[in-house]
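Asker: So here's protein-v5.cif (mmCIF, C-alpha atoms).
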data_protein
loop_
_atom_site.label_atom_id
_atom_site.label_comp_id
_atom_site.auth_asym_id
_atom_site.auth_seq_id
_atom_site.Cartn_x
_atom_site.Cartn_y
_atom_site.Cartn_z
CA MET A 1 -31.32 25.35 25.59
CA ARG A 2 -31.75 28.03 22.96
CA ASN A 3 -28.21 29.19 23.59
CA ILE A 4 -26.83 25.72 23.04
CA TYR A 5 -28.76 25.48 19.81
CA LEU A 6 -27.43 28.84 18.65
CA PHE A 7 -23.91 27.85 19.61
CA LEU A 8 -24.17 24.65 17.58
CA LEU A 9 -25.59 26.56 14.63
CA ARG A 10 -22.84 29.18 14.70
CA ASN A 11 -20.09 26.57 14.90
CA SER A 12 -21.70 23.99 12.65
CA VAL A 13 -18.83 24.02 10.14
CA LEU A 14 -16.22 23.57 12.86
CA ILE A 15 -18.22 20.72 14.37
CA LEU A 16 -18.59 19.07 10.96
CA PHE A 17 -14.84 19.46 10.44
CA LEU A 18 -14.02 17.88 13.79
CA THR A 19 -16.48 15.03 13.18
CA LEU A 20 -15.00 14.20 9.76
CA GLN A 21 -11.47 14.39 11.19
CA SER A 22 -12.37 11.98 13.99
CA VAL A 23 -14.02 9.58 11.56
CA SER A 24 -10.89 9.57 9.38
CA LEU A 25 -8.53 9.14 12.31
CA TYR A 26 -10.73 6.40 13.75
CA PHE A 27 -10.42 4.48 10.48
CA LEU A 28 -6.68 5.10 10.38
CA PHE A 29 -5.86 3.94 13.88
CA ASN A 30 -8.31 1.03 13.88
CA PHE A 31 -6.92 -0.28 10.65
CA ASN A 32 -7.14 -3.95 11.57
CA ARG A 33 -10.81 -3.68 12.38
CA PHE A 34 -11.40 -1.88 9.10
CA HIS A 35 -10.33 -5.02 7.28
CA GLU A 36 -13.34 -6.87 8.64
CA SER A 37 -15.84 -4.09 8.00
CA ALA A 38 -18.46 -3.89 5.27
CA LEU A 39 -16.85 -0.68 4.02
CA ASN A 40 -13.75 -2.65 3.10
CA MET A 41 -15.85 -4.97 0.94
CA VAL A 42 -17.21 -1.98 -0.99
CA ALA A 43 -13.73 -0.47 -1.22
CA SER A 44 -12.11 -3.62 -2.57
CA ASP A 45 -14.99 -4.05 -5.04
CA ILE A 46 -14.50 -0.53 -6.45
CA ALA A 47 -10.72 -0.68 -6.50
CA GLY A 48 -10.74 -4.30 -7.67
CA ALA A 49 -12.91 -3.57 -10.70
CA VAL A 50 -10.64 -0.73 -11.81
CA TYR A 51 -7.43 -2.65 -11.24
CA ARG A 52 -8.72 -5.78 -12.95
CA ASN A 53 -9.31 -3.90 -16.18
CA THR A 54 -6.03 -2.00 -16.25
CA ASP A 55 -4.18 -5.18 -15.32
CA LYS A 56 -5.27 -6.75 -18.60
CA ILE A 57 -3.36 -4.09 -20.55
CA GLU A 58 -0.33 -4.14 -18.30
CA ALA A 59 -0.13 -7.93 -18.37
CA TYR A 60 -0.01 -7.83 -22.15
CA LEU A 61 2.83 -5.32 -22.16
CA SER A 62 5.07 -7.41 -19.93
CA LEU A 63 4.22 -10.82 -21.40
CA GLN A 64 7.77 -11.49 -22.57
CA SER A 65 9.58 -11.06 -19.28
CA GLU A 66 6.80 -12.78 -17.35
CA ASN A 67 7.01 -15.79 -19.68
CA ASN A 68 10.75 -16.01 -19.17
CA ARG A 69 10.34 -15.95 -15.44
CA LEU A 70 7.71 -18.70 -15.51
CA ARG A 71 9.87 -20.77 -17.85
CA GLU A 72 12.77 -20.54 -15.44
CA GLN A 73 10.52 -21.54 -12.58
CA ASN A 74 9.24 -24.51 -14.59
CA ALA A 75 12.80 -25.62 -15.21
CA ARG A 76 13.54 -25.45 -11.48
CA LEU A 77 10.39 -27.41 -10.66
CA LEU A 78 11.11 -30.09 -13.24
CA SER A 79 14.60 -30.61 -11.90
CA ALA A 80 13.15 -30.97 -8.42
CA LEU A 81 10.73 -33.75 -9.40
CA PRO A 82 11.54 -37.17 -7.89
CA ALA A 83 11.82 -38.70 -11.38
CA GLY A 84 14.50 -36.18 -12.24
CA ASN A 85 17.01 -37.23 -9.63
CA LEU A 86 17.95 -40.82 -8.92
CA LEU A 87 19.89 -40.19 -5.77
CA PRO A 88 19.42 -43.01 -3.29
CA ASP A 89 18.72 -40.90 -0.25
CA THR A 90 17.07 -37.54 -0.62
CA GLY A 91 14.65 -38.25 2.22
CA THR A 92 13.68 -35.08 4.01
CA THR A 93 13.62 -32.60 1.16
CA LEU A 94 11.40 -34.81 -0.96
CA VAL A 95 8.84 -35.38 1.78
CA THR A 96 8.35 -31.72 2.56
CA LYS A 97 8.24 -30.63 -1.04
CA LYS A 98 5.97 -33.19 -2.72
CA PHE A 99 4.22 -31.75 -5.72
CA ARG A 100 1.12 -33.91 -5.91
CA ILE A 101 -1.78 -31.69 -5.00
CA ASP A 102 -4.84 -33.88 -5.66
CA SER A 103 -7.02 -34.39 -2.64
CA ILE A 104 -6.81 -38.20 -2.60
CA SER A 105 -3.09 -38.55 -2.00
CA VAL A 106 -1.92 -38.12 1.54
CA GLY A 107 1.48 -36.68 0.73
CA GLY A 108 2.15 -33.00 0.19
CA GLN A 109 1.72 -30.85 3.23
CA PHE A 110 1.48 -27.68 1.18
CA GLN A 111 -1.05 -26.95 -1.52
CA PHE A 112 -0.25 -24.17 -4.02
CA LEU A 113 -3.19 -22.20 -5.45
CA PRO A 114 -2.24 -20.02 -8.43
CA ALA A 115 -3.40 -16.38 -8.40
CA ARG A 116 -2.88 -13.20 -10.43
CA ILE A 117 -1.71 -10.06 -8.68
CA ILE A 118 -3.89 -7.26 -10.07
CA SER A 119 -2.73 -4.38 -7.89
CA ASN A 120 0.58 -3.73 -6.21
CA SER A 121 2.58 -0.87 -4.72
CA VAL A 122 6.14 -0.60 -3.43
CA PHE A 123 6.67 2.99 -2.32
CA LEU A 124 4.23 3.42 0.57
CA GLN A 125 4.96 2.56 4.18
CA GLN A 126 2.25 -0.06 4.18
CA ASN A 127 2.21 -1.84 0.86
CA TYR A 128 -0.65 -4.13 -0.03
CA MET A 129 -1.41 -6.23 -3.07
CA ILE A 130 -4.79 -7.35 -4.39
CA ILE A 131 -5.07 -10.80 -5.96
CA HIS A 132 -7.88 -12.02 -8.16
CA ARG A 133 -8.80 -14.99 -5.98
CA GLY A 134 -11.01 -15.09 -2.91
CA ARG A 135 -13.00 -17.19 -0.48
CA GLN A 136 -14.88 -18.90 -3.32
CA GLN A 137 -11.55 -20.26 -4.59
CA GLY A 138 -10.47 -21.37 -1.13
CA ILE A 139 -8.42 -18.37 0.03
CA GLU A 140 -8.55 -17.58 3.73
CA PRO A 141 -6.91 -14.86 5.81
CA ASN A 142 -3.45 -15.66 7.20
CA LEU A 143 -2.27 -17.88 4.34
CA ALA A 144 1.21 -17.41 2.90
CA VAL A 145 1.77 -16.09 -0.63
CA VAL A 146 4.88 -16.98 -2.68
CA GLY A 147 5.98 -15.77 -6.09
CA PRO A 148 8.02 -17.45 -8.82
CA ASP A 149 11.35 -16.32 -7.27
CA GLY A 150 10.61 -15.99 -3.57
CA ILE A 151 8.06 -15.23 -0.93
CA VAL A 152 5.66 -12.30 -1.38
CA GLY A 153 3.54 -11.84 1.74
CA THR A 154 0.51 -12.94 3.74
CA VAL A 155 -3.24 -12.79 3.05
CA VAL A 156 -4.89 -10.32 5.44
CA SER A 157 -8.48 -10.30 4.21
CA ALA A 158 -10.39 -12.40 1.71
CA GLY A 159 -13.43 -11.15 -0.18
CA ALA A 160 -15.65 -13.29 -2.38
CA ASN A 161 -13.35 -13.09 -5.43
CA MET A 162 -10.57 -10.71 -4.35
CA SER A 163 -8.13 -10.87 -1.48
CA THR A 164 -5.82 -8.32 0.07
CA ILE A 165 -2.22 -9.34 0.72
CA MET A 166 0.16 -7.68 3.15
CA SER A 167 3.35 -7.50 1.11
CA LEU A 168 6.77 -8.15 2.67
CA LEU A 169 7.23 -4.41 2.07
CA HIS A 170 4.99 -3.48 5.00
CA ARG A 171 6.21 -1.96 8.24
CA GLN A 172 4.30 -4.53 10.27
CA SER A 173 5.25 -7.59 8.22
CA ARG A 174 7.27 -10.23 10.13
CA VAL A 175 8.47 -13.55 8.70
CA ILE A 176 10.67 -16.11 10.44
CA ALA A 177 13.77 -16.88 8.36
CA VAL A 178 17.00 -18.88 8.55
CA LEU A 179 20.30 -18.87 6.72
CA LYS A 180 20.36 -21.57 4.07
CA LYS A 181 23.68 -22.96 5.25
CA GLY A 182 21.99 -24.09 8.45
CA SER A 183 22.25 -22.19 11.69
CA GLY A 184 20.68 -18.96 12.83
CA LEU A 185 17.03 -18.17 13.31
CA GLY A 186 15.93 -14.59 12.59
CA GLU A 187 13.09 -12.37 11.61
CA ILE A 188 12.57 -10.58 8.28
CA SER A 189 11.10 -7.08 8.40
CA TRP A 190 11.21 -3.92 6.29
CA ASP A 191 12.42 -0.45 7.29
CA GLY A 192 10.25 1.42 4.76
CA LYS A 193 13.10 2.72 2.62
CA ASP A 194 14.42 0.72 -0.31
CA PRO A 195 11.80 -1.63 -1.84
CA GLY A 196 14.56 -4.10 -2.78
CA LEU A 197 16.20 -4.38 0.65
CA LEU A 198 14.74 -6.29 3.60
CA ASN A 199 16.09 -6.40 7.16
CA LEU A 200 16.99 -9.61 8.96
CA ARG A 201 17.33 -9.28 12.73
CA LYS A 202 17.70 -11.47 15.82
CA ILE A 203 20.43 -13.75 14.44
CA PRO A 204 23.01 -14.13 17.27
CA THR A 205 26.60 -13.03 16.54
CA THR A 206 27.86 -16.51 17.45
CA VAL A 207 26.73 -17.61 14.00
CA GLU A 208 29.07 -16.82 11.15
CA VAL A 209 27.42 -14.71 8.45
CA SER A 210 29.05 -13.34 5.35
CA LYS A 211 27.98 -11.35 2.34
CA GLY A 212 26.25 -13.50 -0.28
CA ASP A 213 24.62 -16.00 2.09
CA THR A 214 21.16 -17.09 1.01
CA VAL A 215 18.23 -16.51 3.37
CA VAL A 216 15.29 -18.94 3.23
CA THR A 217 12.03 -19.47 5.11
CA SER A 218 12.33 -21.39 8.34
CA PRO A 219 10.89 -24.86 8.95
CA TYR A 220 9.45 -23.45 12.20
CA SER A 221 7.14 -21.11 10.30
CA ASP A 222 3.65 -22.57 10.25
CA LYS A 223 2.52 -20.64 7.18
CA PHE A 224 5.43 -20.64 4.75
CA PRO A 225 6.77 -23.82 3.16
CA PRO A 226 10.29 -24.40 4.52
CA GLY A 227 13.34 -23.64 2.41
CA TYR A 228 11.69 -21.10 0.12
CA THR A 229 14.14 -18.37 -0.99
CA ILE A 230 13.76 -14.88 0.45
CA GLY A 231 16.97 -13.21 -0.69
CA VAL A 232 20.73 -12.83 -0.43
CA VAL A 233 22.65 -11.05 2.36
CA GLU A 234 24.03 -7.79 1.03
CA ARG A 235 25.33 -5.95 4.09
CA VAL A 236 26.35 -7.24 7.53
CA GLU A 237 26.33 -5.09 10.66
CA LYS A 238 26.69 -6.06 14.30
CA ASP A 239 24.42 -4.66 16.98
CA GLN A 240 26.71 -4.49 20.04
CA GLU A 241 23.93 -4.02 22.60
CA THR A 242 21.93 -7.15 21.84
CA ASN A 243 24.74 -9.31 20.40
CA THR A 244 22.78 -9.91 17.25
CA TYR A 245 23.35 -9.13 13.60
CA LEU A 246 21.53 -6.49 11.62
CA LEU A 247 21.55 -7.86 8.09
CA TRP A 248 20.36 -6.24 4.88
CA VAL A 249 18.91 -8.81 2.52
CA ARG A 250 18.51 -8.15 -1.21
CA SER A 251 15.06 -9.57 -1.96
CA SER A 252 15.12 -12.28 -4.64
CA ILE A 253 11.70 -11.26 -5.92
CA ASP A 254 11.30 -7.99 -7.81
CA PHE A 255 8.31 -6.40 -6.11
CA ASN A 256 8.03 -3.86 -8.92
CA THR A 257 7.12 -6.39 -11.57
CA VAL A 258 5.70 -9.47 -9.82
CA GLN A 259 2.45 -10.59 -11.46
CA HIS A 260 1.93 -14.25 -10.68
CA ALA A 261 1.79 -15.72 -7.21
CA PHE A 262 0.79 -18.90 -5.42
CA VAL A 263 -1.25 -18.90 -2.24
CA VAL A 264 0.11 -21.65 0.00
CA LYS A 265 -2.33 -23.72 2.02
CA ASN A 266 -0.91 -25.79 4.84
CA ARG A 267 -2.99 -28.95 5.15
CA LEU A 268 -1.82 -29.48 8.71
CA GLN A 269 -2.71 -25.93 9.81
CA ASP A 270 -5.63 -27.09 12.00
CA GLU A 271 -3.41 -29.61 13.79
CA ILE A 272 -0.68 -27.00 14.32
CA ASP A 273 -3.23 -24.54 15.71
CA GLN A 274 -4.60 -27.17 18.07
CA ILE A 275 -1.17 -28.07 19.38
CA ASN A 276 -0.35 -24.39 19.88
CA LYS A 277 -3.59 -23.98 21.82
CA THR A 278 -2.78 -26.84 24.18
CA ILE A 279 0.68 -25.38 24.76
CA ILE A 280 -0.81 -22.03 25.72
CA LYS A 281 -3.34 -23.69 28.04
CA GLU A 282 -0.64 -25.55 29.93
CA MET B 283 -25.80 20.91 -13.86
CA THR B 284 -23.10 21.08 -16.51
CA LEU B 285 -20.84 22.43 -13.79
CA GLY B 286 -21.46 19.35 -11.65
CA ILE B 287 -20.68 16.98 -14.52
CA LYS B 288 -17.54 18.95 -15.34
CA HIS B 289 -16.27 18.55 -11.79
CA ILE B 290 -17.14 14.86 -11.62
CA VAL B 291 -15.27 14.21 -14.88
CA ARG B 292 -12.30 16.22 -13.61
CA PHE B 293 -12.30 14.26 -10.36
CA ILE B 294 -12.35 10.91 -12.17
CA LEU B 295 -9.49 11.99 -14.48
CA LEU B 296 -7.35 13.24 -11.61
CA LEU B 297 -7.91 10.11 -9.51
CA ALA B 298 -7.22 7.88 -12.52
CA PHE B 299 -3.98 9.76 -13.20
CA GLN B 300 -2.95 9.36 -9.57
CA VAL B 301 -3.89 5.69 -9.21
CA LEU B 302 -3.04 4.30 -12.62
CA PHE B 303 0.02 6.39 -13.40
CA LEU B 304 1.68 8.11 -10.43
CA ASN B 305 1.18 5.10 -8.13
CA ARG B 306 2.72 2.75 -10.67
CA ILE B 307 5.83 4.54 -11.91
CA PRO B 308 8.95 3.42 -10.06
CA PRO B 309 9.74 6.03 -7.40
CA LEU B 310 12.53 8.48 -8.25
CA HIS B 311 13.71 8.32 -4.68
CA GLN B 312 12.36 6.89 -1.44
CA PHE B 313 11.35 10.39 -0.35
CA ILE B 314 9.48 11.35 -3.48
CA VAL B 315 5.96 10.09 -4.00
CA PRO B 316 3.98 12.82 -5.79
CA TYR B 317 0.29 13.29 -5.01
CA ILE B 318 -1.97 15.10 -7.43
CA TYR B 319 -5.59 14.06 -6.78
CA PHE B 320 -6.18 16.70 -4.03
CA VAL B 321 -5.86 19.47 -6.65
CA PHE B 322 -9.54 18.77 -7.19
CA ILE B 323 -10.26 20.49 -3.84
CA ILE B 324 -7.94 23.40 -4.71
CA TRP B 325 -9.74 23.93 -8.01
CA LEU B 326 -13.34 23.91 -6.74
CA PRO B 327 -15.23 27.18 -7.46
CA PHE B 328 -14.88 30.10 -5.05
CA ARG B 329 -18.56 30.38 -4.23
CA ILE B 330 -18.97 26.86 -2.81
CA SER B 331 -20.09 27.06 0.83
CA ARG B 332 -18.12 25.54 3.65
CA ALA B 333 -20.19 22.54 4.76
CA PRO B 334 -20.51 20.99 1.26
CA LEU B 335 -16.81 21.71 0.72
CA LEU B 336 -15.94 19.64 3.79
CA LEU B 337 -18.16 16.75 2.70
CA ILE B 338 -16.69 16.82 -0.83
CA SER B 339 -13.17 16.84 0.62
CA PHE B 340 -13.95 13.87 2.84
CA THR B 341 -15.38 11.89 -0.09
CA THR B 342 -12.35 12.75 -2.25
CA GLY B 343 -9.94 11.55 0.42
CA MET B 344 -11.90 8.40 1.18
CA LEU B 345 -12.06 7.41 -2.51
CA ALA B 346 -8.31 7.94 -2.80
CA ASP B 347 -7.88 5.81 0.33
CA PHE B 348 -9.78 2.94 -1.28
CA PHE B 349 -7.05 2.75 -3.91
CA PHE B 350 -4.12 3.35 -1.56
CA ILE B 351 -5.59 0.86 0.98
CA THR B 352 -4.91 3.36 3.77
CA PRO B 353 -8.37 4.03 5.23
CA GLY B 354 -8.57 7.52 6.77
CA LEU B 355 -5.07 8.77 5.96
CA HIS B 356 -5.88 10.78 2.85
CA ALA B 357 -9.41 11.56 4.06
CA ALA B 358 -7.98 13.31 7.16
CA SER B 359 -5.57 15.44 5.09
CA CYS B 360 -8.24 16.37 2.54
CA VAL B 361 -10.73 17.40 5.24
CA LEU B 362 -8.02 19.61 6.77
CA ILE B 363 -7.29 21.50 3.55
CA GLY B 364 -11.02 21.66 2.81
CA TYR B 365 -11.49 23.38 6.18
CA LEU B 366 -8.57 25.79 5.71
CA ARG B 367 -9.40 26.74 2.12
CA PRO B 368 -12.03 29.48 2.79
CA PHE B 369 -9.79 31.15 5.42
CA LEU B 370 -6.83 31.12 3.06
CA ILE B 371 -8.83 32.56 0.16
CA ASN B 372 -10.27 35.32 2.38
CA LEU B 373 -6.77 36.11 3.56
CA LEU B 374 -5.27 36.27 0.07
CA LEU B 375 -8.21 37.87 -1.77
CA PRO B 376 -10.17 40.50 0.13
CA LYS B 377 -13.47 39.87 -1.61
CA GLU B 378 -16.77 38.30 -0.52
CA GLN B 379 -17.49 34.75 -1.67
CA THR B 380 -20.81 35.82 -3.23
CA GLU B 381 -19.09 38.27 -5.55
CA TRP B 382 -17.49 35.45 -7.45
CA GLY B 383 -19.44 33.67 -10.16
CA ALA B 384 -18.61 30.12 -11.09
CA GLU B 385 -14.95 31.10 -11.23
CA GLU B 386 -12.25 28.83 -9.91
CA PRO B 387 -8.88 29.59 -8.34
CA ASP B 388 -6.61 30.18 -11.29
CA ARG B 389 -3.62 32.25 -12.26
CA LYS B 390 -5.95 34.61 -14.13
CA THR B 391 -8.64 35.06 -11.49
CA MET B 392 -6.23 35.28 -8.56
CA GLY B 393 -3.11 36.67 -10.16
CA LEU B 394 -0.04 34.55 -10.77
CA PHE B 395 1.76 35.36 -7.52
CA THR B 396 -1.27 34.94 -5.22
CA TYR B 397 -2.26 31.74 -6.97
CA GLY B 398 1.27 30.38 -6.53
CA ILE B 399 1.18 31.10 -2.80
CA TYR B 400 -2.31 29.60 -2.44
CA LEU B 401 -1.23 26.47 -4.32
CA SER B 402 1.97 26.03 -2.34
CA ILE B 403 0.35 26.52 1.07
CA MET B 404 -2.48 24.09 0.30
CA THR B 405 -0.04 21.47 -1.02
CA PHE B 406 2.31 21.91 1.91
CA VAL B 407 -0.47 21.63 4.51
CA HIS B 408 -1.88 18.54 2.83
CA HIS B 409 1.52 16.84 2.64
CA PHE B 410 2.51 17.97 6.13
CA TYR B 411 -0.54 16.39 7.74
CA LEU B 412 -0.39 13.29 5.55
CA ILE B 413 3.28 12.57 6.21
CA LEU B 414 2.94 13.54 9.89
CA LEU B 415 0.23 10.89 10.34
CA GLU B 416 2.43 8.37 8.54
CA TRP B 417 5.39 9.36 10.68
CA MET B 418 3.38 9.00 13.92
CA GLN B 419 2.82 5.34 13.06
CA PHE B 420 6.46 4.62 12.22
CA GLY B 421 8.74 7.19 13.80
CA ASP B 422 11.78 8.43 11.88
CA PHE B 423 12.33 12.19 12.00
CA ILE B 424 14.81 12.57 9.13
CA TYR B 425 12.51 10.51 7.00
CA PHE B 426 9.66 12.87 7.93
CA ILE B 427 11.50 16.08 7.01
CA GLY B 428 13.07 14.63 3.87
CA LYS B 429 9.88 13.17 2.54
CA LEU B 430 7.90 16.32 3.33
CA SER B 431 10.21 18.66 1.44
CA GLY B 432 10.92 16.30 -1.46
CA THR B 433 7.31 15.33 -2.06
CA SER B 434 5.95 18.89 -1.67
CA VAL B 435 8.34 20.35 -4.23
CA ILE B 436 7.64 17.64 -6.81
CA SER B 437 3.87 17.83 -6.26
CA VAL B 438 3.74 21.62 -6.69
CA PHE B 439 5.91 21.28 -9.78
CA LEU B 440 3.53 18.70 -11.26
CA ILE B 441 0.45 20.79 -10.49
CA ILE B 442 2.00 23.83 -12.19
CA ILE B 443 2.80 21.77 -15.29
CA ILE B 444 -0.77 20.48 -15.44
CA ASP B 445 -2.06 24.02 -14.87
CA LEU B 446 -0.05 25.36 -17.80
CA PHE B 447 -1.42 22.76 -20.18
CA ILE B 448 -5.09 22.75 -19.22
CA LYS B 449 -7.37 25.75 -19.67
CA ARG B 450 -10.05 25.47 -17.07
CA ASN B 451 -11.95 28.75 -16.81
CA SER B 452 -12.44 29.52 -20.49
CA ARG B 453 -15.57 27.39 -20.90
CA ASN B 454 -18.79 27.13 -18.89
CA ARG B 455 -18.99 30.79 -18.05
#
Would you write out, as C-alpha cells, the structure that this file holds?
Answerer:
Amino acid sequence: MRNIYLFLLRNSVLILFLTLQSVSLYFLFNFNRFHESALNMVASDIAGAVYRNTDKIEAYLSLQSENNRLREQNARLLSALPAGNLLPDTGTTLVTKKFRIDSISVGGQFQFLPARIISNSVFLQQNYMIIHRGRQQGIEPNLAVVGPDGIVGTVVSAGANMSTIMSLLHRQSRVIAVLKKGSGLGEISWDGKDPGLLNLRKIPTTVEVSKGDTVVTSPYSDKFPPGYTIGVVERVEKDQETNTYLLWVRSSIDFNTVQHAFVVKNRLQDEIDQINKTIIKE
Amino acid sequence: MTLGIKHIVRFILLLAFQVLFLNRIPPLHQFIVPYIYFVFIIWLPFRISRAPLLLISFTTGMLADFFFITPGLHAASCVLIGYLRPFLINLLLPKEQTEWGAEEPDRKTMGLFTYGIYLSIMTFVHHFYLILLEWMQFGDFIYFIGKLSGTSVISVFLIIIIDLFIKRNSRNR
C-alpha cells in the first residue's frame, strides 16, 4: 500500500498530465454531447459577451455594404409579392412562399425570425456561428438558417439568448439540394479547403449539368424552404466508379461578411416528424 | 502579486489578439491559420513548478476552445507543451529551476540561438498535435503536412515580431 502511494507521489505530474489529456480528448471526441452540457452554456456566455461587444464596432464599419445587400434583398422580396405580379397562374410558387407571418393566418408554411450573427469563422475545419437569438425568442435546435443571398446553416444548440449555428462550412454539414432547372437530387457538403466553394455530390450522370447552373434547396428537405439559392456550379467532374457527378458550387453567400440571417421555422415540422416516425415503425 | 496580475493581463491581451484579430482576418491561404495565444505558456517564468504549469496550460487551452468552439482541441495541445516545457528547458539550459528568479524565457536570459530553438520546438509540437488531432477527424495527408509547415512558419514569425517589439523582462525584477 505504501509503495503504491509512493509510486503515485513520484509520478504525480505524469498522472496529472495524462488526466488532463484524457479530459481534453474526451471533450473533443464527444463533441455532440458537449453541446448539451452545462459547460457549453458557460462557454457560450463568456464568448457571447465578448463577441456581442466587438460586433457593435464591426457592424458600424460595414454598414454601407450591409445596407446595400439588404436593399437588394428588399427589392427581390417586393417583386415576389403577390400584388407585384398579375400573372393568372402562379400557383405552386406562391403557396410555398407566402410572406404573411402572423399567427392567425393559416398560409405560410415557413416563418422567418430575424437574427444578428455576432461571431463567425471561415478558416477552421468545423466552422460555427453564434447568433444573438435563443430559446426565449423561439429558436430551437435543428432549425434552418438563411442569409440575404442564400442558405447559411443549421442551429445546433440554443441557449437562453444565444444560439450556435453549424455553418455550411463544416465538415459534417449535409444539405439536400437540387439543380434549379429541375432534375437531379444531390447533397451539399464542404471539403474544408476554400470557404467559397461547396461540393455537390450524388447527382447521377444521366442528368445534364453544365457550368453556371444554379443550385437551390430541395423541396424534399424538411428544414429548408424549397427553392432557396445555394450557389452556382463552377466546375463539373464525373466520378466514374459511382456514375455520379462531383460538382464544385460557388456559394452565393459570402461567408466572410454575412451579418444578418433569418432562422426558418417550419410550421408543419411536427406533422413531418410524426409521418417519418410512422414510416420507420412500419 | 504584481507578477500574477501581469500574467493575467498578458493572457487577456494575447487571447484578445488571437480571437478578435487573427481569427477574423481573411486567411492568406487555406493552410495558414496563425496561432499566437499559446505563447503565454512559453513565456511563463522559469521557476514555476510542473503541476501548476499543467493546470495553467489546460485552462489556457480550454479558454481558447470556448472562442474557437472546439472543446478539447486546443486544451490537449496546450497540456502537451506544458508537460514538455520543463524537459526542454532542462535540456537547453543546464541550470536548476530554483536558480532562476522571476525571469522568463527570453532572448536575453536564454541567449538568442537557444531561445530561437526553444520557441520553434514548442510551436512545432503545439501545431503538430493540434493539426494531427484535426487530421484524425477528417483524413487528408497532404492537407496535414501542408498546414503543419505553413502554419508553424507563420506562427514563429509572428511570435518573433511580437518579441522584438515588447520588452518583457525589464520591469518587475
Asker: Point out the residue among B:Phe348, B:Phe369, B:Phe299, B:Phe328 with the least atom-to-atom distance to Pro316 (chain B), counting all atoms listed in the file.
Answerer: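 The answer is B:Phe299, which sits nearest to Pro316 (chain B).
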Asker: Can you list what the PyMOL selection byres ((chain A) within 8 of (chain B)) grabs from this structure, as a VMD selection string?
Answerer: chain A and resid 13 16 to 17 20 to 21 23 to 28 31 34 43 to 44 46 to 47 54 121 123 125 to 126 128 171 193 to 194 256
Asker: Could those selected residues go to a file with C-alpha atoms, as a compact mmCIF listing (two decimals), keeping the file's coordinate frame?
Answerer:
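Done, and the output landed in result24.txt:
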# COMPACT_ATOMS: atom_id res chain seq x y z
CA VAL A 13 -18.83 24.02 10.14
CA LEU A 16 -18.59 19.07 10.96
CA PHE A 17 -14.84 19.46 10.44
CA LEU A 20 -15.00 14.20 9.76
CA GLN A 21 -11.47 14.39 11.19
CA VAL A 23 -14.02 9.58 11.56
CA SER A 24 -10.89 9.57 9.38
CA LEU A 25 -8.53 9.14 12.31
CA TYR A 26 -10.73 6.40 13.75
CA PHE A 27 -10.42 4.48 10.48
CA LEU A 28 -6.68 5.10 10.38
CA PHE A 31 -6.92 -0.28 10.65
CA PHE A 34 -11.40 -1.88 9.10
CA ALA A 43 -13.73 -0.47 -1.22
CA SER A 44 -12.11 -3.62 -2.57
CA ILE A 46 -14.50 -0.53 -6.45
CA ALA A 47 -10.72 -0.68 -6.50
CA THR A 54 -6.03 -2.00 -16.25
CA SER A 121 2.58 -0.87 -4.72
CA PHE A 123 6.67 2.99 -2.32
CA GLN A 125 4.96 2.56 4.18
CA GLN A 126 2.25 -0.06 4.18
CA TYR A 128 -0.65 -4.13 -0.03
CA ARG A 171 6.21 -1.96 8.24
CA LYS A 193 13.10 2.72 2.62
CA ASP A 194 14.42 0.72 -0.31
CA ASN A 256 8.03 -3.86 -8.92
Asker: Mind checking which residues fall within 8 Å of Gln300 (chain B), counting all atoms listed in the file, ignoring those fewer than 6 positions away in the same chain, and posting them as an MDAnalysis selection string?
Answerer: chainID B and resid 317:319
Asker: Using Å and a single decimal, report how far CA of Leu168 (chain A) sits from CA of Ile280 (chain A).
Answerer: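 That distance, rounded to one decimal, is 28.0 Å.
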Asker: Do you have the CA of Phe262 (chain A)-CA of Gly147 (chain A) distance handy?
Answerer: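 Between CA of Phe262 (chain A) and CA of Gly147 (chain A) the gap works out to 6.1 Å.
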Asker: Using the chain letters and numbers from the file, give me the residues hit by the PyMOL selection byres ((chain A and resi 58) around 12), as a PyMOL selection string.
Answerer: (chain A and resi 51-57+59-64+66+117-119+257-259) or (chain B and resi 302-303+306)
Asker: Suppose we keep C-alpha atoms; can you now write the selection as a PDB file, in the frame of the given file?
Answerer:
ATOM      1  CA  TYR A  51      -7.430  -2.650 -11.240  1.00  0.00           C
ATOM      2  CA  ARG A  52      -8.720  -5.780 -12.950  1.00  0.00           C
ATOM      3  CA  ASN A  53      -9.310  -3.900 -16.180  1.00  0.00           C
ATOM      4  CA  THR A  54      -6.030  -2.000 -16.250  1.00  0.00           C
ATOM      5  CA  ASP A  55      -4.180  -5.180 -15.320  1.00  0.00           C
ATOM      6  CA  LYS A  56      -5.270  -6.750 -18.600  1.00  0.00           C
ATOM      7  CA  ILE A  57      -3.360  -4.090 -20.550  1.00  0.00           C
ATOM      8  CA  ALA A  59      -0.130  -7.930 -18.370  1.00  0.00           C
ATOM      9  CA  TYR A  60      -0.010  -7.830 -22.150  1.00  0.00           C
ATOM     10  CA  LEU A  61       2.830  -5.320 -22.160  1.00  0.00           C
ATOM     11  CA  SER A  62       5.070  -7.410 -19.930  1.00  0.00           C
ATOM     12  CA  LEU A  63       4.220 -10.820 -21.400  1.00  0.00           C
ATOM     13  CA  GLN A  64       7.770 -11.490 -22.570  1.00  0.00           C
ATOM     14  CA  GLU A  66       6.800 -12.780 -17.350  1.00  0.00           C
ATOM     15  CA  ILE A 117      -1.710 -10.060  -8.680  1.00  0.00           C
ATOM     16  CA  ILE A 118      -3.890  -7.260 -10.070  1.00  0.00           C
ATOM     17  CA  SER A 119      -2.730  -4.380  -7.890  1.00  0.00           C
ATOM     18  CA  THR A 257       7.120  -6.390 -11.570  1.00  0.00           C
ATOM     19  CA  VAL A 258       5.700  -9.470  -9.820  1.00  0.00           C
ATOM     20  CA  GLN A 259       2.450 -10.590 -11.460  1.00  0.00           C
TER      21      GLN A 259
ATOM     22  CA  LEU B 302      -3.040   4.300 -12.620  1.00  0.00           C
ATOM     23  CA  PHE B 303       0.020   6.390 -13.400  1.00  0.00           C
ATOM     24  CA  ARG B 306       2.720   2.750 -10.670  1.00  0.00           C
TER      25      ARG B 306
END
Asker: For the structure provided, state which residues fall under the PyMOL selection byres ((chain A and resi 153-164) around 6), and present them as a PyMOL selection string.
Answerer: chain A and resi 129-136+140-145+152+165-168
Asker: Using all atoms listed in the file, pick whichever of A:Pro226, A:Gly138, A:Gly186, A:Gly231 has the shortest atom-to-atom distance to Gly212 (chain A).
Answerer: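 Selected residue with least distance to Gly212 (chain A): A:Gly231.
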